[in-house]
Every structure is written in structure tokens, then in C-alpha cells.
>>> print(open('protein-v8.txt').read())   # compact mmCIF, C-alpha atoms
# COMPACT_ATOMS: atom_id res chain seq x y z
CA MET A 1 -77.80 -56.19 -28.36
CA ILE A 2 -76.31 -59.64 -28.92
CA ASP A 3 -75.23 -60.35 -32.50
CA GLY A 4 -72.53 -62.17 -34.46
CA LYS A 5 -69.91 -59.60 -33.47
CA THR A 6 -70.51 -59.88 -29.72
CA ARG A 7 -67.52 -61.12 -27.70
CA LEU A 8 -67.86 -62.78 -24.33
CA ILE A 9 -66.27 -61.91 -21.00
CA CYS A 10 -67.00 -63.92 -17.87
CA LEU A 11 -66.52 -64.46 -14.17
CA LEU A 12 -65.03 -67.77 -13.04
CA GLY A 13 -65.25 -68.83 -9.40
CA HIS A 14 -67.11 -70.86 -6.81
CA PRO A 15 -69.69 -69.68 -5.90
CA VAL A 16 -70.59 -66.83 -8.28
CA ALA A 17 -74.39 -66.51 -8.16
CA HIS A 18 -74.20 -63.60 -5.68
CA SER A 19 -71.80 -61.51 -7.76
CA LEU A 20 -72.57 -57.94 -8.86
CA SER A 21 -70.07 -58.20 -11.71
CA PRO A 22 -72.52 -59.24 -14.48
CA ALA A 23 -74.88 -56.38 -13.63
CA MET A 24 -72.00 -53.90 -13.43
CA HIS A 25 -70.26 -54.79 -16.66
CA ASN A 26 -73.32 -55.43 -18.80
CA ALA A 27 -74.78 -52.07 -17.75
CA ALA A 28 -71.50 -50.39 -18.73
CA PHE A 29 -71.35 -52.20 -22.10
CA GLU A 30 -74.92 -51.14 -22.84
CA LYS A 31 -74.31 -47.53 -21.78
CA LEU A 32 -71.27 -47.20 -24.08
CA GLY A 33 -72.69 -49.32 -26.91
CA LEU A 34 -69.81 -51.82 -26.76
CA PRO A 35 -70.08 -55.29 -28.38
CA TYR A 36 -69.51 -57.40 -25.29
CA ALA A 37 -71.58 -59.56 -22.92
CA TYR A 38 -70.57 -60.68 -19.42
CA LEU A 39 -71.61 -64.03 -17.90
CA ALA A 40 -70.80 -65.90 -14.68
CA PHE A 41 -69.72 -69.55 -14.51
CA ASP A 42 -69.41 -71.62 -11.35
CA ILE A 43 -66.05 -73.38 -11.72
CA VAL A 44 -64.23 -75.47 -9.10
CA PRO A 45 -60.40 -75.47 -9.09
CA GLU A 46 -59.96 -78.89 -10.74
CA ASN A 47 -61.93 -77.66 -13.78
CA LEU A 48 -60.05 -74.38 -14.17
CA PRO A 49 -57.55 -75.56 -16.86
CA ALA A 50 -60.42 -76.81 -19.02
CA ALA A 51 -62.33 -73.55 -18.48
CA VAL A 52 -59.29 -71.48 -19.52
CA ASN A 53 -58.94 -73.59 -22.68
CA VAL A 54 -62.58 -72.80 -23.47
CA LEU A 55 -61.84 -69.08 -23.16
CA LYS A 56 -59.11 -69.47 -25.77
CA THR A 57 -61.05 -71.79 -28.08
CA LEU A 58 -64.17 -69.60 -28.14
CA HIS A 59 -62.17 -66.37 -28.42
CA PHE A 60 -63.43 -64.79 -25.21
CA ARG A 61 -62.12 -61.27 -24.68
CA GLY A 62 -61.27 -61.97 -21.06
CA ALA A 63 -62.40 -63.03 -17.63
CA ASN A 64 -62.48 -62.20 -13.95
CA LEU A 65 -61.37 -64.76 -11.39
CA THR A 66 -62.73 -64.88 -7.87
CA MET A 67 -62.19 -67.28 -4.98
CA PRO A 68 -60.90 -69.94 -4.96
CA LEU A 69 -59.21 -69.56 -8.36
CA LYS A 70 -57.04 -66.43 -8.09
CA THR A 71 -53.81 -68.27 -7.31
CA ASP A 72 -54.48 -71.40 -9.38
CA VAL A 73 -54.75 -69.37 -12.59
CA LEU A 74 -51.22 -67.90 -12.23
CA SER A 75 -49.54 -70.88 -13.88
CA LEU A 76 -51.99 -70.76 -16.80
CA CYS A 77 -51.02 -67.21 -17.81
CA ASP A 78 -48.46 -66.55 -20.53
CA GLU A 79 -47.59 -63.17 -19.00
CA ARG A 80 -48.36 -61.55 -15.64
CA SER A 81 -48.22 -57.98 -14.36
CA LEU A 82 -45.65 -56.97 -11.75
CA VAL A 83 -48.40 -56.59 -9.14
CA SER A 84 -49.62 -60.15 -9.80
CA GLU A 85 -46.04 -61.45 -9.63
CA LEU A 86 -45.58 -59.75 -6.26
CA CYS A 87 -48.85 -60.82 -4.65
CA GLY A 88 -49.20 -64.21 -6.35
CA SER A 89 -52.75 -63.57 -7.47
CA VAL A 90 -54.71 -62.88 -10.68
CA ASN A 91 -58.29 -61.65 -10.85
CA THR A 92 -58.34 -60.41 -14.46
CA LEU A 93 -57.44 -62.23 -17.67
CA LEU A 94 -57.04 -60.60 -21.06
CA CYS A 95 -57.25 -62.99 -24.02
CA ARG A 96 -54.96 -61.48 -26.62
CA ASP A 97 -55.54 -61.81 -30.35
CA ASP A 98 -52.49 -64.09 -30.68
CA GLY A 99 -54.07 -66.58 -28.27
CA SER A 100 -51.89 -65.74 -25.29
CA LEU A 101 -53.24 -64.90 -21.83
CA PHE A 102 -52.22 -61.86 -19.82
CA GLY A 103 -53.02 -61.95 -16.10
CA THR A 104 -53.18 -59.11 -13.63
CA THR A 105 -55.03 -58.18 -10.47
CA THR A 106 -57.24 -55.14 -10.06
CA ASP A 107 -58.05 -55.77 -6.38
CA GLY A 108 -55.40 -53.29 -5.27
CA VAL A 109 -56.26 -50.83 -8.05
CA GLY A 110 -59.80 -50.80 -6.73
CA LEU A 111 -58.57 -49.46 -3.42
CA THR A 112 -55.96 -47.02 -4.75
CA SER A 113 -58.43 -45.60 -7.30
CA SER A 114 -61.00 -45.20 -4.53
CA LEU A 115 -58.44 -43.29 -2.43
CA SER A 116 -57.60 -41.04 -5.38
CA TYR A 117 -61.30 -40.39 -6.04
CA GLN A 118 -61.64 -39.20 -2.45
CA GLY A 119 -58.55 -37.00 -2.68
CA VAL A 120 -56.43 -39.12 -0.33
CA SER A 121 -52.70 -39.06 -1.01
CA TYR A 122 -50.55 -42.07 -0.08
CA LYS A 123 -47.59 -41.61 -2.43
CA GLY A 124 -44.36 -41.23 -0.50
CA LYS A 125 -46.24 -41.73 2.77
CA GLN A 126 -46.80 -44.50 5.29
CA VAL A 127 -49.80 -46.81 5.25
CA THR A 128 -50.86 -49.14 8.05
CA LEU A 129 -52.45 -52.32 6.65
CA LEU A 130 -54.32 -54.84 8.80
CA GLY A 131 -54.21 -58.38 7.44
CA ALA A 132 -52.18 -60.37 4.93
CA GLY A 133 -54.78 -62.47 3.14
CA GLY A 134 -55.56 -62.40 -0.57
CA ALA A 135 -57.06 -58.91 -0.74
CA ALA A 136 -54.42 -57.47 1.61
CA THR A 137 -51.50 -58.81 -0.43
CA ALA A 138 -52.92 -57.33 -3.65
CA ILE A 139 -53.47 -54.00 -1.88
CA ALA A 140 -49.93 -53.97 -0.48
CA ALA A 141 -48.41 -54.80 -3.87
CA GLN A 142 -50.43 -52.10 -5.66
CA LEU A 143 -49.66 -49.45 -3.05
CA ALA A 144 -45.96 -50.25 -3.36
CA VAL A 145 -45.93 -50.20 -7.17
CA ASP A 146 -47.90 -46.93 -7.16
CA GLY A 147 -45.43 -45.17 -4.89
CA ALA A 148 -46.36 -45.57 -1.23
CA GLY A 149 -43.33 -44.69 0.91
CA SER A 150 -43.75 -47.48 3.44
CA ILE A 151 -46.31 -50.07 4.52
CA GLU A 152 -46.54 -51.64 7.95
CA ILE A 153 -48.57 -54.86 7.80
CA PHE A 154 -50.13 -56.15 11.02
CA GLN A 155 -50.94 -59.85 10.89
CA ARG A 156 -51.63 -62.61 13.41
CA LYS A 157 -48.79 -65.06 13.99
CA SER A 158 -49.85 -67.90 11.69
CA LYS A 159 -48.97 -69.45 8.31
CA THR A 160 -50.23 -66.24 6.75
CA PHE A 161 -47.62 -64.34 8.76
CA GLU A 162 -44.89 -66.28 6.97
CA ARG A 163 -46.48 -65.51 3.60
CA ALA A 164 -46.60 -61.84 4.59
CA LEU A 165 -42.87 -61.92 5.29
CA GLU A 166 -42.28 -63.41 1.83
CA LEU A 167 -44.44 -60.66 0.30
CA SER A 168 -42.49 -57.96 2.14
CA GLU A 169 -39.20 -59.38 0.83
CA LYS A 170 -40.52 -59.35 -2.75
CA ILE A 171 -41.81 -55.79 -2.50
CA ASN A 172 -38.63 -54.52 -0.84
CA ALA A 173 -36.54 -56.16 -3.58
CA ASN A 174 -38.62 -54.90 -6.53
CA THR A 175 -39.93 -51.46 -5.53
CA ALA A 176 -38.81 -48.36 -3.64
CA CYS A 177 -41.46 -48.97 -0.97
CA ARG A 178 -40.32 -50.33 2.39
CA VAL A 179 -42.58 -52.98 3.92
CA ARG A 180 -42.46 -54.32 7.48
CA VAL A 181 -44.58 -57.15 8.93
CA ILE A 182 -45.55 -56.85 12.61
CA ASP A 183 -47.42 -59.13 14.99
CA GLN A 184 -51.03 -57.97 15.18
CA ALA A 185 -50.97 -58.51 18.95
CA ASP A 186 -48.31 -55.79 19.40
CA ALA A 187 -50.56 -52.91 20.45
CA ASP A 188 -47.69 -50.54 21.11
CA ALA A 189 -46.32 -51.06 17.60
CA MET A 190 -49.76 -50.46 16.10
CA LYS A 191 -50.16 -47.26 18.07
CA GLU A 192 -46.78 -45.98 16.87
CA SER A 193 -47.51 -47.03 13.29
CA LEU A 194 -50.77 -45.07 13.23
CA LYS A 195 -49.01 -41.96 14.53
CA LYS A 196 -46.87 -41.99 11.36
CA SER A 197 -49.50 -43.13 8.86
CA THR A 198 -51.71 -41.21 6.46
CA VAL A 199 -54.03 -44.15 5.77
CA LEU A 200 -55.25 -47.11 7.84
CA ILE A 201 -56.70 -50.04 5.88
CA ASN A 202 -58.54 -52.95 7.44
CA ALA A 203 -58.22 -55.85 4.99
CA THR A 204 -59.31 -58.55 7.46
CA ASN A 205 -62.81 -59.93 7.98
CA VAL A 206 -62.95 -58.50 11.53
CA GLY A 207 -66.14 -56.44 11.65
CA MET A 208 -67.93 -58.31 8.87
CA GLY A 209 -71.58 -59.28 9.16
CA ALA A 210 -72.67 -59.61 12.77
CA ASP A 211 -69.11 -59.20 14.09
CA THR A 212 -68.97 -55.93 16.05
CA SER A 213 -65.31 -56.14 17.05
CA SER A 214 -62.44 -53.96 15.84
CA LEU A 215 -58.69 -54.53 15.74
CA VAL A 216 -57.94 -50.88 16.50
CA PRO A 217 -58.69 -49.19 19.83
CA GLU A 218 -60.54 -45.93 19.27
CA GLU A 219 -57.88 -43.94 21.10
CA PHE A 220 -55.32 -44.98 18.44
CA LEU A 221 -57.26 -43.09 15.75
CA LEU A 222 -55.61 -39.68 15.46
CA PRO A 223 -56.51 -36.50 13.53
CA GLY A 224 -55.52 -36.55 9.86
CA LEU A 225 -55.79 -40.34 9.48
CA PHE A 226 -58.00 -41.68 6.67
CA VAL A 227 -59.64 -44.97 7.69
CA TYR A 228 -60.57 -47.48 4.99
CA ASP A 229 -62.36 -50.77 5.70
CA ILE A 230 -62.66 -53.07 2.69
CA ILE A 231 -65.76 -54.65 4.26
CA TYR A 232 -69.02 -53.34 2.75
CA GLU A 233 -71.52 -55.48 4.69
CA PRO A 234 -72.28 -53.82 7.05
CA ALA A 235 -71.76 -50.46 5.35
CA GLU A 236 -70.32 -49.06 8.59
CA THR A 237 -68.20 -51.38 10.71
CA THR A 238 -67.27 -50.70 14.31
CA LEU A 239 -63.88 -49.44 13.10
CA LEU A 240 -65.49 -46.94 10.72
CA ARG A 241 -67.99 -45.86 13.36
CA SER A 242 -65.17 -45.21 15.83
CA ALA A 243 -63.27 -43.21 13.21
CA ARG A 244 -66.34 -41.16 12.32
CA LYS A 245 -66.87 -40.37 16.01
CA LYS A 246 -63.32 -39.01 16.09
CA GLY A 247 -64.10 -36.78 13.09
CA LEU A 248 -61.95 -38.78 10.65
CA ARG A 249 -62.69 -39.36 6.98
CA THR A 250 -63.67 -42.94 6.17
CA SER A 251 -64.66 -45.30 3.37
CA ASN A 252 -66.01 -48.84 3.13
CA GLY A 253 -65.30 -51.47 0.47
CA ALA A 254 -68.15 -50.74 -1.95
CA ASP A 255 -66.05 -48.25 -3.91
CA MET A 256 -63.15 -50.70 -4.01
CA LEU A 257 -65.43 -53.23 -5.71
CA LEU A 258 -66.62 -50.61 -8.19
CA TYR A 259 -63.13 -49.39 -9.11
CA GLN A 260 -61.59 -52.83 -9.41
CA GLY A 261 -64.36 -53.61 -11.89
CA ALA A 262 -63.60 -50.38 -13.72
CA ALA A 263 -59.93 -51.35 -14.04
CA SER A 264 -60.83 -54.77 -15.48
CA PHE A 265 -63.30 -53.10 -17.86
CA GLN A 266 -60.59 -50.81 -19.24
CA CYS A 267 -58.17 -53.73 -19.61
CA TRP A 268 -60.66 -55.58 -21.86
CA THR A 269 -62.24 -52.74 -23.80
CA GLY A 270 -59.75 -49.87 -23.83
CA HIS A 271 -62.60 -47.63 -22.61
CA GLU A 272 -63.16 -46.03 -19.22
CA MET A 273 -66.14 -47.44 -17.37
CA PRO A 274 -68.87 -44.80 -16.77
CA VAL A 275 -68.23 -45.06 -13.03
CA GLU A 276 -70.80 -42.57 -11.78
CA TYR A 277 -73.50 -44.15 -13.94
CA ILE A 278 -72.66 -47.63 -12.60
CA ARG A 279 -72.44 -46.33 -9.04
CA GLU A 280 -76.01 -45.06 -9.33
CA LYS A 281 -77.48 -47.89 -11.43
CA VAL A 282 -75.90 -50.90 -9.70
CA PHE A 283 -74.43 -49.96 -6.33
CA SER A 284 -77.21 -47.70 -5.10
CA ARG A 285 -79.40 -50.80 -4.97
CA GLY A 286 -77.16 -52.21 -2.26
CA SER A 287 -74.16 -54.51 -2.26
>>> encode(input="protein-v8.txt", output="C-alpha cells")
Amino acid sequence: MIDGKTRLICLLGHPVAHSLSPAMHNAAFEKLGLPYAYLAFDIVPENLPAAVNVLKTLHFRGANLTMPLKTDVLSLCDERSLVSELCGSVNTLLCRDDGSLFGTTTDGVGLTSSLSYQGVSYKGKQVTLLGAGGAATAIAAQLAVDGAGSIEIFQRKSKTFERALELSEKINANTACRVRVIDQADADAMKESLKKSTVLINATNVGMGADTSSLVPEEFLLPGLFVYDIIYEPAETTLLRSARKKGLRTSNGADMLLYQGAASFQCWTGHEMPVEYIREKVFSRGS
């Protein structure tokens, strides 16, 4: 119910019409009887400073940021979490009562919470991560802050490779996790990395949509490895299908989306999202 006490939360990005976030958060607010409403606004980067001023002026409780705004909003925050400082990205804003803005990212929390939900341990252990784009950097930073022993990032030799090296230096300097960046074309290194890893994460777009390719040869997938693909369309990529054929446990990115939303929800409201209710009400209808 919308009344004079209702506070607004929103999604800012371009485009946003496809997003599940309004359905997810509004269903959770209604279920818990919380006085919030969640809207989505299509905002291009040049209008972001004005949009953030509106959040402050109208006393919004907070916001989510999606592409292409996650890096642009960094400079507009008064305070940022360690994970956001490491990965250079913000997807969640909290508008504090004193008018200041706190920025963090829940992209990585979405994945680590999903792993925990499935009983997968990564603390003190090695993780192999494919990719070094926006989602991958947030995942690497969160894994490191949460106690992963080491992360080996496989990335194509490109400008992103240089950014991955910068990320690894930041993580190595600020956490106990050891990060190494390796050329994605080095098949021998990938094979050796997977022998030592507990979790393999594909954070690239390889396998998305009609793409049936995989960066990992099936014979590299060994017993005991948990295989996570952050893609959720299709629900089972070639990588996940190969892993399932080998008898390995797997997960796609739908749960990551759910749990990153849950982390933002708790940041704004102080309440835990009713995750199982939202999983059934929103995500069972398809992503």
C-alpha cells in the first residue's frame, strides 16, 4: 500500500525495461509489509549526476545501478565499501539520513551467497575464474574479501587483461587472497589450475544465447569441482552440460541474480529478503 510514509527505491540504468528487480523487490516489500516501493528509471550516463541529486532531494532510501552506470557512480558516493574500492564498481546505493551516499556492490555477494546456499566451500581454497569484465571483477573482489585462498583469473590478452592485472595488485595488497592473471589461451595453465581448484566460475558471455561454445574442454573437468556459470539464458550452457555429464555439481546465474538482490534489500531495509518466497513467485516464471 502506497501512503505518505512510503519511501522510494529505484533502478537506474540503460536499458531497464527488461529488469526483474521491480517485481522481486516489490513482492518482498509486500510480503514483509515494509513501507517501500521500487521503480525503474532509464538513465543515460550524462544524466546520472542529476538523477543522483534527485535521489537525495526526494529522500529516496536507495537505488540499484546497472549498466552502463556502475563505474560512473563511484565518484558520486561519499563512502564506498572495500569490495567496491577493489573492483571499481557500485551497484547499490544507500541514501543515509544525513544526506550522504554509501556505495557498494552486491554482484559478488550474489555469487558467494549462492555458493553458500548450495553448501560449496571456497574459503581458504583456490577458485578458477574465467573473465575479467564487470561481473568478474566484483566476484573476484568479493571472493577475496570473504576469504578465498587464491584466485586464478583467465582472461584474453586485451585492454581488459591490463585491468585484471591492476585488480590482482589491489586484491593482493589489501587482502590475504593471492590472485594471478593468466592468458586465457594457455590451455596447459587452465588444466593445472582446475586440478587445484574447488570452484570454476565462468563470468564471460561465452555460452550465452545461441552461443554453444565453451572455454573449458570437457576433459579438464575433474571430480570434486563445482562449476558455476553466471549466464542464466540458456539455463544450461554447454559448459554446465559438460560438467553435468561428468557428474559434477553445477549452478547457473539465476541464483546469483536473486541473492545479489537480497543483499541490496537488506542494505536498504535491515530485513532479510524472503528468498524462497521470491524464488517461487518471481524466478519460477523464468528469467
>>> residues_around(input="protein-v8.txt", residues="Gly270 in chain A", least_positions_apart="5", cutoff="12 Å", atoms="all atoms listed in the file", output="count of residues only")
9
>>> atom_distance(input="protein-v8.txt", atom1="CA of Val109 in chain A", atom2="CA of Ala17 in chain A")
24.0 Å
>>> residues_around(input="protein-v8.txt", residues="Leu143 in chain A", least_positions_apart="3", cutoff="12 Å", atoms="all atoms listed in the file", output="PDB file with C-alpha atoms, in the frame of the given file")
ATOM      1  CA  VAL A  83     -48.400 -56.590  -9.140  1.00  0.00           C
ATOM      2  CA  LEU A  86     -45.580 -59.750  -6.260  1.00  0.00           C
ATOM      3  CA  CYS A  87     -48.850 -60.820  -4.650  1.00  0.00           C
ATOM      4  CA  THR A 106     -57.240 -55.140 -10.060  1.00  0.00           C
ATOM      5  CA  ASP A 107     -58.050 -55.770  -6.380  1.00  0.00           C
ATOM      6  CA  GLY A 108     -55.400 -53.290  -5.270  1.00  0.00           C
ATOM      7  CA  VAL A 109     -56.260 -50.830  -8.050  1.00  0.00           C
ATOM      8  CA  GLY A 110     -59.800 -50.800  -6.730  1.00  0.00           C
ATOM      9  CA  LEU A 111     -58.570 -49.460  -3.420  1.00  0.00           C
ATOM     10  CA  THR A 112     -55.960 -47.020  -4.750  1.00  0.00           C
ATOM     11  CA  SER A 113     -58.430 -45.600  -7.300  1.00  0.00           C
ATOM     12  CA  LEU A 115     -58.440 -43.290  -2.430  1.00  0.00           C
ATOM     13  CA  SER A 116     -57.600 -41.040  -5.380  1.00  0.00           C
ATOM     14  CA  SER A 121     -52.700 -39.060  -1.010  1.00  0.00           C
ATOM     15  CA  TYR A 122     -50.550 -42.070  -0.080  1.00  0.00           C
ATOM     16  CA  LYS A 123     -47.590 -41.610  -2.430  1.00  0.00           C
ATOM     17  CA  GLY A 124     -44.360 -41.230  -0.500  1.00  0.00           C
ATOM     18  CA  LYS A 125     -46.240 -41.730   2.770  1.00  0.00           C
ATOM     19  CA  GLN A 126     -46.800 -44.500   5.290  1.00  0.00           C
ATOM     20  CA  VAL A 127     -49.800 -46.810   5.250  1.00  0.00           C
ATOM     21  CA  THR A 128     -50.860 -49.140   8.050  1.00  0.00           C
ATOM     22  CA  LEU A 129     -52.450 -52.320   6.650  1.00  0.00           C
ATOM     23  CA  ALA A 136     -54.420 -57.470   1.610  1.00  0.00           C
ATOM     24  CA  THR A 137     -51.500 -58.810  -0.430  1.00  0.00           C
ATOM     25  CA  ALA A 138     -52.920 -57.330  -3.650  1.00  0.00           C
ATOM     26  CA  ILE A 139     -53.470 -54.000  -1.880  1.00  0.00           C
ATOM     27  CA  ALA A 140     -49.930 -53.970  -0.480  1.00  0.00           C
ATOM     28  CA  ASP A 146     -47.900 -46.930  -7.160  1.00  0.00           C
ATOM     29  CA  GLY A 147     -45.430 -45.170  -4.890  1.00  0.00           C
ATOM     30  CA  ALA A 148     -46.360 -45.570  -1.230  1.00  0.00           C
ATOM     31  CA  GLY A 149     -43.330 -44.690   0.910  1.00  0.00           C
ATOM     32  CA  SER A 150     -43.750 -47.480   3.440  1.00  0.00           C
ATOM     33  CA  ILE A 151     -46.310 -50.070   4.520  1.00  0.00           C
ATOM     34  CA  GLU A 152     -46.540 -51.640   7.950  1.00  0.00           C
ATOM     35  CA  ILE A 171     -41.810 -55.790  -2.500  1.00  0.00           C
ATOM     36  CA  THR A 175     -39.930 -51.460  -5.530  1.00  0.00           C
ATOM     37  CA  ALA A 176     -38.810 -48.360  -3.640  1.00  0.00           C
ATOM     38  CA  CYS A 177     -41.460 -48.970  -0.970  1.00  0.00           C
ATOM     39  CA  ARG A 178     -40.320 -50.330   2.390  1.00  0.00           C
ATOM     40  CA  VAL A 179     -42.580 -52.980   3.920  1.00  0.00           C
ATOM     41  CA  VAL A 199     -54.030 -44.150   5.770  1.00  0.00           C
ATOM     42  CA  ILE A 201     -56.700 -50.040   5.880  1.00  0.00           C
TER      43      ILE A 201
END
>>> residues_around(input="protein-v8.txt", residues="Phe220 in chain A", least_positions_apart="5", cutoff="9 Å", atoms="only C-alpha atoms", output="number ranges by chain")
A: 190-192, 194-195
>>> axis_aligned_box(input="protein-v8.txt", around="range 216-230 of chain A", padding_each_side="5 Å", output="lines of an AutoDock Vina configuration file")
center_x = -59.0
center_y = -44.8
center_z = 11.9
size_x = 17.3
size_y = 26.6
size_z = 28.4
>>> closest_residue(input="protein-v8.txt", among="A:Pro68, A:Gly131, A:Pro49, A:Gly4", to="Val16 in chain A", atoms="only C-alpha atoms")
A:Pro68
>>> closest_residue(input="protein-v8.txt", among="A:Leu130, A:Lys246, A:Cys77, A:Thr237", to="Leu215 in chain A", atoms="only C-alpha atoms")
A:Leu130
>>> closest_residue(input="protein-v8.txt", among="A:Ser84, A:Met208, A:Thr105, A:Asp78", to="Ala63 in chain A", atoms="all atoms listed in the file")
A:Thr105
>>> closest_residue(input="protein-v8.txt", among="A:Gly13, A:Tyr36, A:Leu240, A:Phe41", to="Asp72 in chain A", atoms="all atoms listed in the file")
A:Gly13
>>> closest_residue(input="protein-v8.txt", among="A:Ile153, A:Ala203, A:Leu101, A:Ala27", to="Ala185 in chain A", atoms="all atoms listed in the file")
A:Ile153
>>> atom_distance(input="protein-v8.txt", atom1="CA of Ala141 in chain A", atom2="CA of Ser197 in chain A")
17.3 Å
>>> closest_residue(input="protein-v8.txt", among="A:Lys70, A:Lys170, A:His59, A:Arg249", to="Tyr228 in chain A", atoms="all atoms listed in the file")
A:Arg249
>>> atom_distance(input="protein-v8.txt", atom1="CA of Thr250 in chain A", atom2="CA of Val227 in chain A")
4.8 Å
>>> residues_around(input="protein-v8.txt", residues="Phe161 in chain A", least_positions_apart="5", cutoff="8 Å", atoms="only C-alpha atoms", output="count of residues only")
4
>>> residues_near_point(input="protein-v8.txt", point="(-51.9, -67.9, -25.5)", cutoff="10 Å", atoms="all atoms listed in the file", output="PyMOL selection string")
chain A and resi 53+56+76-79+94-102
>>> residues_around(input="protein-v8.txt", residues="Ala243 in chain A", least_positions_apart="4", cutoff="9 Å", atoms="only C-alpha atoms", output="list in words")
Glu218, Leu221, Leu222, Leu225, Phe226, Val227, Thr238, Leu239, Gly247, Leu248, Arg249 and Thr250 of chain A
>>> decode(input="protein-v8.txt", residues="range 2-10 of chain A", atoms="all heavy atoms", output="PDB file, in the first residue's frame")
ATOM      1  N   ILE A   2       0.622   2.151  -0.936  1.00  0.00           N
ATOM      2  CA  ILE A   2       1.362   3.398  -1.035  1.00  0.00           C
ATOM      3  C   ILE A   2       0.660   4.451  -0.189  1.00  0.00           C
ATOM      4  O   ILE A   2      -0.541   4.680  -0.339  1.00  0.00           O
ATOM      5  CB  ILE A   2       1.438   3.890  -2.493  1.00  0.00           C
ATOM      6  CG1 ILE A   2       2.019   2.807  -3.407  1.00  0.00           C
ATOM      7  CG2 ILE A   2       2.233   5.186  -2.579  1.00  0.00           C
ATOM      8  CD1 ILE A   2       3.456   2.485  -3.146  1.00  0.00           C
ATOM      9  N   ASP A   3       1.414   5.087   0.731  1.00  0.00           N
ATOM     10  CA  ASP A   3       0.834   6.175   1.510  1.00  0.00           C
ATOM     11  C   ASP A   3       1.910   7.228   1.759  1.00  0.00           C
ATOM     12  O   ASP A   3       2.988   7.191   1.150  1.00  0.00           O
ATOM     13  CB  ASP A   3       0.226   5.667   2.823  1.00  0.00           C
ATOM     14  CG  ASP A   3       1.240   4.988   3.736  1.00  0.00           C
ATOM     15  OD1 ASP A   3       2.457   5.250   3.592  1.00  0.00           O
ATOM     16  OD2 ASP A   3       0.822   4.198   4.600  1.00  0.00           O
ATOM     17  N   GLY A   4       1.638   8.175   2.647  1.00  0.00           N
ATOM     18  CA  GLY A   4       2.559   9.271   2.885  1.00  0.00           C
ATOM     19  C   GLY A   4       3.858   8.865   3.533  1.00  0.00           C
ATOM     20  O   GLY A   4       4.814   9.653   3.564  1.00  0.00           O
ATOM     21  N   LYS A   5       3.927   7.652   4.079  1.00  0.00           N
ATOM     22  CA  LYS A   5       5.146   7.169   4.720  1.00  0.00           C
ATOM     23  C   LYS A   5       6.007   6.306   3.794  1.00  0.00           C
ATOM     24  O   LYS A   5       7.102   5.894   4.170  1.00  0.00           O
ATOM     25  CB  LYS A   5       4.783   6.367   5.959  1.00  0.00           C
ATOM     26  CG  LYS A   5       4.078   7.192   7.038  1.00  0.00           C
ATOM     27  CD  LYS A   5       3.717   6.320   8.230  1.00  0.00           C
ATOM     28  CE  LYS A   5       2.992   7.138   9.297  1.00  0.00           C
ATOM     29  NZ  LYS A   5       2.600   6.309  10.467  1.00  0.00           N
ATOM     30  N   THR A   6       5.517   6.048   2.592  1.00  0.00           N
ATOM     31  CA  THR A   6       6.251   5.186   1.657  1.00  0.00           C
ATOM     32  C   THR A   6       7.516   5.877   1.167  1.00  0.00           C
ATOM     33  O   THR A   6       7.486   7.035   0.762  1.00  0.00           O
ATOM     34  CB  THR A   6       5.365   4.823   0.453  1.00  0.00           C
ATOM     35  OG1 THR A   6       4.180   4.185   0.913  1.00  0.00           O
ATOM     36  CG2 THR A   6       6.099   3.907  -0.506  1.00  0.00           C
ATOM     37  N   ARG A   7       8.641   5.153   1.200  1.00  0.00           N
ATOM     38  CA  ARG A   7       9.896   5.664   0.664  1.00  0.00           C
ATOM     39  C   ARG A   7      10.251   4.907  -0.605  1.00  0.00           C
ATOM     40  O   ARG A   7       9.962   3.711  -0.736  1.00  0.00           O
ATOM     41  CB  ARG A   7      11.020   5.548   1.696  1.00  0.00           C
ATOM     42  CG  ARG A   7      10.801   6.434   2.903  1.00  0.00           C
ATOM     43  CD  ARG A   7      12.002   6.449   3.806  1.00  0.00           C
ATOM     44  NE  ARG A   7      13.147   7.133   3.203  1.00  0.00           N
ATOM     45  CZ  ARG A   7      14.330   7.274   3.823  1.00  0.00           C
ATOM     46  NH1 ARG A   7      14.510   6.768   5.020  1.00  0.00           N
ATOM     47  NH2 ARG A   7      15.324   7.915   3.221  1.00  0.00           N
ATOM     48  N   LEU A   8      10.883   5.621  -1.524  1.00  0.00           N
ATOM     49  CA  LEU A   8      11.180   5.051  -2.836  1.00  0.00           C
ATOM     50  C   LEU A   8      12.596   4.501  -2.916  1.00  0.00           C
ATOM     51  O   LEU A   8      13.528   5.036  -2.318  1.00  0.00           O
ATOM     52  CB  LEU A   8      10.984   6.104  -3.919  1.00  0.00           C
ATOM     53  CG  LEU A   8       9.557   6.629  -4.119  1.00  0.00           C
ATOM     54  CD1 LEU A   8       9.544   7.704  -5.190  1.00  0.00           C
ATOM     55  CD2 LEU A   8       8.606   5.498  -4.485  1.00  0.00           C
ATOM     56  N   ILE A   9      12.709   3.422  -3.670  1.00  0.00           N
ATOM     57  CA  ILE A   9      13.980   2.819  -4.065  1.00  0.00           C
ATOM     58  C   ILE A   9      13.868   2.599  -5.568  1.00  0.00           C
ATOM     59  O   ILE A   9      12.753   2.381  -6.085  1.00  0.00           O
ATOM     60  CB  ILE A   9      14.226   1.497  -3.325  1.00  0.00           C
ATOM     61  CG1 ILE A   9      14.254   1.729  -1.816  1.00  0.00           C
ATOM     62  CG2 ILE A   9      15.523   0.839  -3.780  1.00  0.00           C
ATOM     63  CD1 ILE A   9      14.256   0.464  -0.984  1.00  0.00           C
ATOM     64  N   CYS A  10      14.967   2.662  -6.295  1.00  0.00           N
ATOM     65  CA  CYS A  10      14.831   2.551  -7.752  1.00  0.00           C
ATOM     66  C   CYS A  10      16.026   1.851  -8.378  1.00  0.00           C
ATOM     67  O   CYS A  10      17.072   1.646  -7.750  1.00  0.00           O
ATOM     68  CB  CYS A  10      14.644   3.922  -8.380  1.00  0.00           C
ATOM     69  SG  CYS A  10      16.095   4.996  -8.244  1.00  0.00           S
TER      70      CYS A  10
END
